[in-house]
Amino acid sequence: MSYGIYIGRNLTADGHAWLAGYGDEPSSHWLEIVDRAEHAADATITVGVGPESDMPGHRTQIPQAPRTARHMRVSYSYYLGVPAPITNGGLNEHGVAVRDIWSTSRDELIAMTPSDQTGPNYSDLARIVVERARTAREGVDIMAALIAEHGYSCYGGNSHIIADPEEAWVVIQFSGGKGLWVAERLGADDIRASRPGYVGVVPTRPTSSFLYPDHFISTAVELGWYDPAGDAPFDVNAIYGDGKGPWEGMVWVEAEMRKRAEAGPLTFADVCWAIQTEVLTGDTAGYGQVVPLVHPSHPELRMMWHAPVGPVTAPLVPVFLGQTEVPDEFAQHRYLTTGEAHRFLDCRKADKDPDTVSHVSQGVEVSDSAVYQFKRLMHLAFQDEGLLKETWDHWRLLERRLSGELPSVLRSAEILLEAGESKLAGRLLTRESANWLGEALRDCHALTASGLARLRLRGGLNRSARPLSPQQLW
């Protein structure tokens, strides 16, 4: 399902907007930094879903852009049969950030979706936007053009938040094979949570704040879902969505953030709390991201705060667009990677069946898996309130220390970049991020060892078939 929250710049202590969230998928997750690239005039990419997807379709080729932007993202290996690797978005060198969030369509739209649907799926759209968009609005236009020309492959409806330092857009794509989508603009005074993605009442003609295709209103009229002669407003959620309005967790977190904003400008810690609180975040959260929406002096200085699992029991640690690599521990591992159960780090059967060889490199697999280790800590903490509080306090202290160190690191890299020493700047950013990520992983091991020893000695390990976790609003 996933979750995202946008906070406008007029409400923050730092004077810039934020985009935060996490992905809700059970499979493996890994951090990637993808370099900018030039592509041949006839280059194509494969998009869509195949016959094995929960809502089947046909994979097709569409033109690749002449150039794609450097960006960082989290990828994962499975959701409802959508072809891997999958992504919910990330941050690119132009300052465009994307978060993908599930948004179910009306049952009748899902039922009328063609079984041979074609066009980009939700992950394709997120990836293409971080590869191509220079502004959030351009991201909306890219999605609209792709859907109009190539169609849209869905699993029941979906949405994205696309944000840059100036504004953000909530974009919802609907099932049905009719090319239906809608976008709502968010600005400097807005707080918007998405889970699911939500747009309510819209004017019956597009405006600067509400966009949709020409047939958006007329399709509802033709299907008998809207009477233009009546007095009822055009409520997108009621007409094309699940009709439930904003879900309870969305209402709760937006109200909590508004309350904090009324008491004073929202801080970095406030923004992080919105995706860390155990009221919203648990085992289903596959990772966490917090993106400061700023325009630094050099694209290499763009960064996001990353947690390898749900940040209720993991720290958010800076990762820079200018760093040259991701530590092996935070790269793709076999743990929870779909399909790895029938593969080997062995090539003896490769001639007969290439899929018997693991998709994970042997060199990476021999390193520790951050996702695995932080999952261990999560499930220990969920069995003991004292350990959960201890873990929370430890990671929040680490984040405060890192946020204090961050300006000096960015300034050091900026000096090197202005001196034309981009390689040295990349080396600096890579080292600092790797050191911080490594420190967090070492602390994770220590907290896990301590917590496991205490729970085992007290006979407190939950060996029942029912997992323990904090109660959530979702």
# chains A, B, ... in the order shown; residues from 1 in each chain; ligands from 1
$ select_by_dssp --residues "region 179-329 of chain A" --states "alpha helix (DSSP H)" --output "compact mmCIF listing (two decimals) with N, CA, C and O atoms, in the first residue's frame"
# COMPACT_ATOMS: atom_id res chain seq x y z
N PHE A 216 -12.30 13.15 -18.65
CA PHE A 216 -12.40 12.75 -17.24
C PHE A 216 -13.83 12.90 -16.72
O PHE A 216 -14.38 11.97 -16.10
N ILE A 217 -14.45 14.04 -16.94
CA ILE A 217 -15.81 14.28 -16.47
C ILE A 217 -16.82 13.53 -17.34
O ILE A 217 -17.74 12.87 -16.84
N SER A 218 -16.64 13.60 -18.66
CA SER A 218 -17.61 13.00 -19.57
C SER A 218 -17.70 11.48 -19.41
O SER A 218 -18.78 10.89 -19.59
N THR A 219 -16.58 10.84 -19.06
CA THR A 219 -16.62 9.39 -18.85
C THR A 219 -17.54 9.03 -17.68
O THR A 219 -18.32 8.08 -17.75
N ALA A 220 -17.46 9.81 -16.60
CA ALA A 220 -18.34 9.56 -15.46
C ALA A 220 -19.81 9.78 -15.83
O ALA A 220 -20.70 9.05 -15.36
N VAL A 221 -20.04 10.76 -16.67
CA VAL A 221 -21.42 11.02 -17.12
C VAL A 221 -21.92 9.85 -17.96
O VAL A 221 -23.03 9.33 -17.76
N GLU A 222 -21.11 9.39 -18.90
CA GLU A 222 -21.49 8.28 -19.78
C GLU A 222 -21.76 6.99 -18.99
O GLU A 222 -22.64 6.20 -19.36
N VAL A 236 -14.07 13.11 -6.73
CA VAL A 236 -13.28 12.08 -7.41
C VAL A 236 -13.28 10.78 -6.63
O VAL A 236 -13.45 9.69 -7.20
N ASN A 237 -13.07 10.87 -5.32
CA ASN A 237 -13.01 9.65 -4.52
C ASN A 237 -14.33 8.89 -4.55
O ASN A 237 -14.36 7.67 -4.63
N ALA A 238 -15.45 9.62 -4.49
CA ALA A 238 -16.76 8.98 -4.50
C ALA A 238 -17.11 8.41 -5.86
O ALA A 238 -17.77 7.36 -5.96
N ILE A 239 -16.67 9.06 -6.93
CA ILE A 239 -17.06 8.65 -8.28
C ILE A 239 -16.12 7.60 -8.86
O ILE A 239 -16.57 6.59 -9.43
N TYR A 240 -14.82 7.79 -8.72
CA TYR A 240 -13.87 6.88 -9.34
C TYR A 240 -13.06 6.06 -8.32
O TYR A 240 -12.40 5.08 -8.71
N GLU A 248 -8.58 6.67 8.16
CA GLU A 248 -8.38 7.12 9.54
C GLU A 248 -6.93 7.51 9.83
O GLU A 248 -6.67 8.52 10.49
N GLY A 249 -5.97 6.72 9.34
CA GLY A 249 -4.57 7.05 9.60
C GLY A 249 -4.16 8.36 8.96
O GLY A 249 -3.40 9.14 9.54
N MET A 250 -4.66 8.64 7.75
CA MET A 250 -4.38 9.90 7.08
C MET A 250 -4.92 11.08 7.88
O MET A 250 -4.22 12.08 8.09
N VAL A 251 -6.16 10.96 8.32
CA VAL A 251 -6.79 12.04 9.08
C VAL A 251 -6.01 12.28 10.37
O VAL A 251 -5.74 13.42 10.76
N TRP A 252 -5.62 11.19 11.03
CA TRP A 252 -4.92 11.30 12.31
C TRP A 252 -3.56 11.99 12.16
O TRP A 252 -3.25 12.93 12.90
N VAL A 253 -2.74 11.54 11.19
CA VAL A 253 -1.39 12.09 11.09
C VAL A 253 -1.42 13.53 10.58
O VAL A 253 -0.63 14.38 11.03
N GLU A 254 -2.33 13.86 9.68
CA GLU A 254 -2.44 15.25 9.24
C GLU A 254 -2.83 16.16 10.40
O GLU A 254 -2.28 17.26 10.56
N ALA A 255 -3.78 15.70 11.23
CA ALA A 255 -4.19 16.50 12.40
C ALA A 255 -3.04 16.65 13.39
O ALA A 255 -2.83 17.74 13.95
N GLU A 256 -2.28 15.58 13.60
CA GLU A 256 -1.15 15.65 14.53
C GLU A 256 -0.08 16.61 14.01
O GLU A 256 0.50 17.38 14.79
N MET A 257 0.19 16.58 12.74
CA MET A 257 1.19 17.48 12.18
C MET A 257 0.70 18.92 12.20
O MET A 257 1.49 19.86 12.45
N ARG A 258 -0.57 19.15 11.96
CA ARG A 258 -1.13 20.51 12.06
C ARG A 258 -1.02 21.03 13.48
O ARG A 258 -0.70 22.21 13.72
N LYS A 259 -1.29 20.16 14.43
CA LYS A 259 -1.19 20.55 15.84
C LYS A 259 0.24 20.96 16.18
O LYS A 259 0.47 21.96 16.88
N ARG A 260 1.20 20.19 15.70
CA ARG A 260 2.61 20.52 15.95
C ARG A 260 2.98 21.83 15.25
O ARG A 260 3.73 22.64 15.80
N ALA A 261 2.46 22.03 14.04
CA ALA A 261 2.77 23.25 13.30
C ALA A 261 2.21 24.49 13.99
O ALA A 261 2.80 25.57 13.93
N GLU A 262 1.06 24.35 14.63
CA GLU A 262 0.47 25.48 15.35
C GLU A 262 1.30 25.85 16.57
O GLU A 262 1.32 27.01 16.99
N ALA A 263 1.99 24.86 17.14
CA ALA A 263 2.83 25.13 18.31
C ALA A 263 4.18 25.73 17.94
O ALA A 263 4.88 26.30 18.78
N PHE A 268 12.92 18.95 11.59
CA PHE A 268 13.32 17.68 10.97
C PHE A 268 12.81 16.50 11.79
O PHE A 268 12.30 15.52 11.24
N ALA A 269 12.91 16.59 13.11
CA ALA A 269 12.43 15.49 13.96
C ALA A 269 10.93 15.29 13.82
O ALA A 269 10.44 14.16 13.85
N ASP A 270 10.18 16.38 13.67
CA ASP A 270 8.73 16.26 13.47
C ASP A 270 8.42 15.51 12.18
O ASP A 270 7.54 14.65 12.13
N VAL A 271 9.13 15.88 11.11
CA VAL A 271 8.90 15.24 9.82
C VAL A 271 9.21 13.75 9.91
O VAL A 271 8.42 12.90 9.45
N CYS A 272 10.33 13.41 10.54
CA CYS A 272 10.69 12.00 10.69
C CYS A 272 9.65 11.25 11.51
O CYS A 272 9.28 10.10 11.18
N TRP A 273 9.16 11.89 12.56
CA TRP A 273 8.17 11.23 13.43
C TRP A 273 6.96 10.77 12.62
O TRP A 273 6.37 9.72 12.91
N ALA A 274 6.59 11.52 11.60
CA ALA A 274 5.39 11.20 10.83
C ALA A 274 5.49 9.85 10.14
O ALA A 274 4.47 9.24 9.80
N ILE A 275 6.72 9.34 9.90
CA ILE A 275 6.85 8.00 9.32
C ILE A 275 7.50 7.02 10.29
O ILE A 275 7.70 5.85 9.94
N GLN A 276 7.82 7.48 11.50
CA GLN A 276 8.45 6.61 12.50
C GLN A 276 7.47 6.10 13.55
O GLN A 276 7.67 5.02 14.12
$ residues_around --residues "region 56-65 of chain A" --least-positions-apart "6" --cutoff "9 Å" --atoms "only C-alpha atoms" --output "ChimeraX atom specification"
/A:38-50,81,114-120,131-132,150,153-155
$ residues_around --residues "region 195-211 of chain A" --least-positions-apart "4" --cutoff "6 Å" --atoms "only C-alpha atoms" --output "VMD selection string"
chain A and resid 3 101 to 103 159 182 to 185 234 to 237
$ residues_around --residues "Val364 (chain A)" --least-positions-apart "6" --cutoff "9 Å" --atoms "only C-alpha atoms" --output "VMD selection string"
chain A and resid 328 to 329 331 to 333
$ residues_around --residues "Asp384 (chain A)" --least-positions-apart "2" --cutoff "12 Å" --atoms "only C-alpha atoms" --output "MDAnalysis selection string"
chainID A and resid 377:382 386:391 451:452 454:456 458:462 468:470
$ write_last_selection --atoms "N, CA, C and O atoms" --output "short mmCIF file (atom, residue, chain, number, x, y, z; two decimals), in the first residue's frame"
data_model
loop_
_atom_site.label_atom_id
_atom_site.label_comp_id
_atom_site.auth_asym_id
_atom_site.auth_seq_id
_atom_site.Cartn_x
_atom_site.Cartn_y
_atom_site.Cartn_z
N LEU A 377 16.01 -6.82 14.78
CA LEU A 377 15.82 -5.87 15.87
C LEU A 377 14.36 -5.45 15.99
O LEU A 377 13.81 -5.35 17.09
N MET A 378 13.70 -5.24 14.85
CA MET A 378 12.30 -4.85 14.89
C MET A 378 11.46 -5.89 15.62
O MET A 378 10.65 -5.56 16.50
N HIS A 379 11.66 -7.15 15.29
CA HIS A 379 10.79 -8.17 15.86
C HIS A 379 11.15 -8.51 17.30
O HIS A 379 10.29 -8.98 18.05
N LEU A 380 12.36 -8.22 17.72
CA LEU A 380 12.67 -8.28 19.15
C LEU A 380 11.97 -7.14 19.88
O LEU A 380 11.33 -7.34 20.93
N ALA A 381 12.08 -5.93 19.34
CA ALA A 381 11.49 -4.76 20.00
C ALA A 381 9.98 -4.86 20.09
O ALA A 381 9.37 -4.40 21.06
N PHE A 382 9.35 -5.48 19.09
CA PHE A 382 7.90 -5.61 19.11
C PHE A 382 7.43 -6.63 20.15
O PHE A 382 6.24 -6.71 20.45
N GLY A 386 9.83 -2.24 26.69
CA GLY A 386 11.04 -1.59 27.17
C GLY A 386 12.11 -1.52 26.10
O GLY A 386 12.77 -0.48 25.92
N LEU A 387 12.29 -2.61 25.36
CA LEU A 387 13.28 -2.62 24.29
C LEU A 387 12.85 -1.71 23.15
O LEU A 387 13.69 -1.04 22.52
N LEU A 388 11.54 -1.65 22.87
CA LEU A 388 11.05 -0.75 21.82
C LEU A 388 11.38 0.70 22.17
O LEU A 388 11.85 1.46 21.32
N LYS A 389 11.15 1.08 23.43
CA LYS A 389 11.47 2.45 23.84
C LYS A 389 12.97 2.71 23.80
O LYS A 389 13.42 3.77 23.35
N GLU A 390 13.76 1.74 24.27
CA GLU A 390 15.21 1.89 24.24
C GLU A 390 15.72 2.06 22.81
O GLU A 390 16.57 2.91 22.52
N THR A 391 15.19 1.25 21.89
CA THR A 391 15.59 1.32 20.49
C THR A 391 15.19 2.67 19.88
O THR A 391 15.98 3.31 19.18
N GLY A 451 19.04 -7.23 23.43
CA GLY A 451 17.61 -7.51 23.55
C GLY A 451 17.31 -8.99 23.52
O GLY A 451 16.46 -9.48 24.28
N LEU A 452 17.99 -9.72 22.64
CA LEU A 452 17.75 -11.16 22.54
C LEU A 452 18.14 -11.86 23.83
O LEU A 452 17.40 -12.74 24.32
N ARG A 454 18.22 -10.64 26.88
CA ARG A 454 17.28 -10.33 27.95
C ARG A 454 15.95 -11.05 27.78
O ARG A 454 15.40 -11.61 28.73
N LEU A 455 15.43 -11.05 26.56
CA LEU A 455 14.14 -11.72 26.34
C LEU A 455 14.26 -13.23 26.52
O LEU A 455 13.36 -13.87 27.09
N ARG A 456 15.38 -13.82 26.10
CA ARG A 456 15.55 -15.26 26.24
C ARG A 456 15.64 -15.66 27.71
O ARG A 456 14.99 -16.62 28.14
N ARG A 458 14.44 -14.11 30.26
CA ARG A 458 13.15 -13.89 30.93
C ARG A 458 12.06 -14.81 30.41
O ARG A 458 10.93 -14.78 30.89
N GLY A 459 12.39 -15.62 29.41
CA GLY A 459 11.37 -16.46 28.80
C GLY A 459 10.34 -15.64 28.04
O GLY A 459 9.19 -16.05 27.91
N GLY A 460 10.78 -14.50 27.51
CA GLY A 460 9.85 -13.57 26.88
C GLY A 460 9.76 -13.67 25.38
O GLY A 460 9.03 -12.90 24.74
N LEU A 461 10.48 -14.61 24.74
CA LEU A 461 10.41 -14.74 23.29
C LEU A 461 9.06 -15.32 22.88
O LEU A 461 8.63 -16.35 23.40
N ASN A 462 8.41 -14.67 21.97
CA ASN A 462 7.09 -15.09 21.50
C ASN A 462 7.24 -16.24 20.51
O ASN A 462 7.66 -16.03 19.37
N LEU A 468 3.59 -10.40 17.55
CA LEU A 468 3.26 -9.24 18.37
C LEU A 468 3.74 -7.97 17.67
O LEU A 468 4.81 -7.96 17.06
N SER A 469 2.95 -6.92 17.77
CA SER A 469 3.35 -5.62 17.21
C SER A 469 2.44 -4.54 17.79
O SER A 469 1.34 -4.85 18.27
N PRO A 470 2.89 -3.28 17.78
CA PRO A 470 2.01 -2.20 18.24
C PRO A 470 0.75 -2.10 17.38
O PRO A 470 0.77 -2.44 16.19
#
$ atom_distance --atom1 "CA of Glu325 (chain A)" --atom2 "CA of Ala17 (chain A)"
27.0 Å
$ atom_distance --atom1 "CA of Asp24 (chain A)" --atom2 "CA of Gln373 (chain A)"
18.4 Å
$ atom_distance --atom1 "CA of Tyr76 (chain A)" --atom2 "CA of Gly95 (chain A)"
22.7 Å
$ select_by_dssp --residues "region 237-467 of chain A" --states "strand (DSSP E or B)" --output "list in words"
Leu266, Gly288, Gln289, Val290, Val291, Pro292, Leu293, Met303, Met304, Trp305, His306, Ala307, Val317, Pro318, Val319, Phe320, Phe344 and Val357 of chain A
$ write_last_selection --atoms "N, CA and C atoms" --output "compact mmCIF listing (two decimals), in the first residue's frame"
# COMPACT_ATOMS: atom_id res chain seq x y z
N LEU A 266 7.56 23.22 12.03
CA LEU A 266 7.87 21.79 12.07
C LEU A 266 9.35 21.57 11.84
N GLY A 288 12.28 3.35 4.81
CA GLY A 288 11.83 4.72 5.05
C GLY A 288 12.67 5.71 4.28
N GLN A 289 12.03 6.81 3.84
CA GLN A 289 12.74 7.89 3.15
C GLN A 289 12.21 9.23 3.63
N VAL A 290 13.12 10.18 3.86
CA VAL A 290 12.77 11.57 4.13
C VAL A 290 13.63 12.43 3.23
N VAL A 291 12.98 13.23 2.37
CA VAL A 291 13.70 14.04 1.38
C VAL A 291 13.51 15.52 1.68
N PRO A 292 14.58 16.26 1.98
CA PRO A 292 14.48 17.72 2.06
C PRO A 292 14.42 18.30 0.65
N LEU A 293 13.37 19.04 0.35
CA LEU A 293 13.15 19.55 -1.00
C LEU A 293 13.83 20.92 -1.14
N MET A 303 20.27 15.08 -1.21
CA MET A 303 20.37 13.92 -0.34
C MET A 303 18.99 13.53 0.18
N MET A 304 18.93 12.34 0.72
CA MET A 304 17.75 11.89 1.43
C MET A 304 18.19 11.10 2.65
N TRP A 305 17.30 11.04 3.62
CA TRP A 305 17.51 10.23 4.81
C TRP A 305 16.87 8.87 4.55
N HIS A 306 17.64 7.81 4.75
CA HIS A 306 17.20 6.46 4.37
C HIS A 306 17.24 5.51 5.56
N ALA A 307 16.18 4.72 5.71
CA ALA A 307 16.14 3.63 6.69
C ALA A 307 15.93 2.32 5.94
N VAL A 317 19.31 7.71 7.93
CA VAL A 317 20.73 8.08 7.78
C VAL A 317 20.91 8.77 6.43
N PRO A 318 21.72 9.83 6.36
CA PRO A 318 21.91 10.55 5.09
C PRO A 318 22.58 9.71 4.01
N VAL A 319 22.02 9.82 2.81
CA VAL A 319 22.61 9.25 1.59
C VAL A 319 22.64 10.38 0.56
N PHE A 320 23.77 10.53 -0.15
CA PHE A 320 23.97 11.66 -1.04
C PHE A 320 23.92 11.23 -2.51
N PHE A 344 20.83 -20.63 -7.18
CA PHE A 344 22.07 -20.99 -6.49
C PHE A 344 23.17 -20.00 -6.84
N VAL A 357 20.65 -19.57 -11.60
CA VAL A 357 21.77 -18.79 -11.05
C VAL A 357 21.22 -17.55 -10.35
$ closest_residue --among "A:Glu93, A:Asp35, A:Glu167, A:Asp283" --to "Pro311 (chain A)" --atoms "only C-alpha atoms"
A:Asp283
$ residues_around --residues "region 169-175 of chain A" --least-positions-apart "5" --cutoff "6 Å" --atoms "only C-alpha atoms" --output "MDAnalysis selection string"
chainID A and resid 105 109:110 156:162 180:186
$ residues_around --residues "Tyr287 (chain A)" --least-positions-apart "5" --cutoff "6 Å" --atoms "only C-alpha atoms" --output "list in words"
Tyr22, Ala307, Pro308, Val309 and Gly310 of chain A
$ write_last_selection --atoms "C-alpha atoms" --output "PDB file, in the first residue's frame"
ATOM      1  CA  TYR A  22       7.812   4.300   3.029  1.00  0.00           C
ATOM      2  CA  ALA A 307      16.144   3.630   6.689  1.00  0.00           C
ATOM      3  CA  PRO A 308      16.603   0.029   5.445  1.00  0.00           C
ATOM      4  CA  VAL A 309      13.373  -1.153   7.149  1.00  0.00           C
ATOM      5  CA  GLY A 310      10.410   0.604   8.741  1.00  0.00           C
TER       6      GLY A 310
END
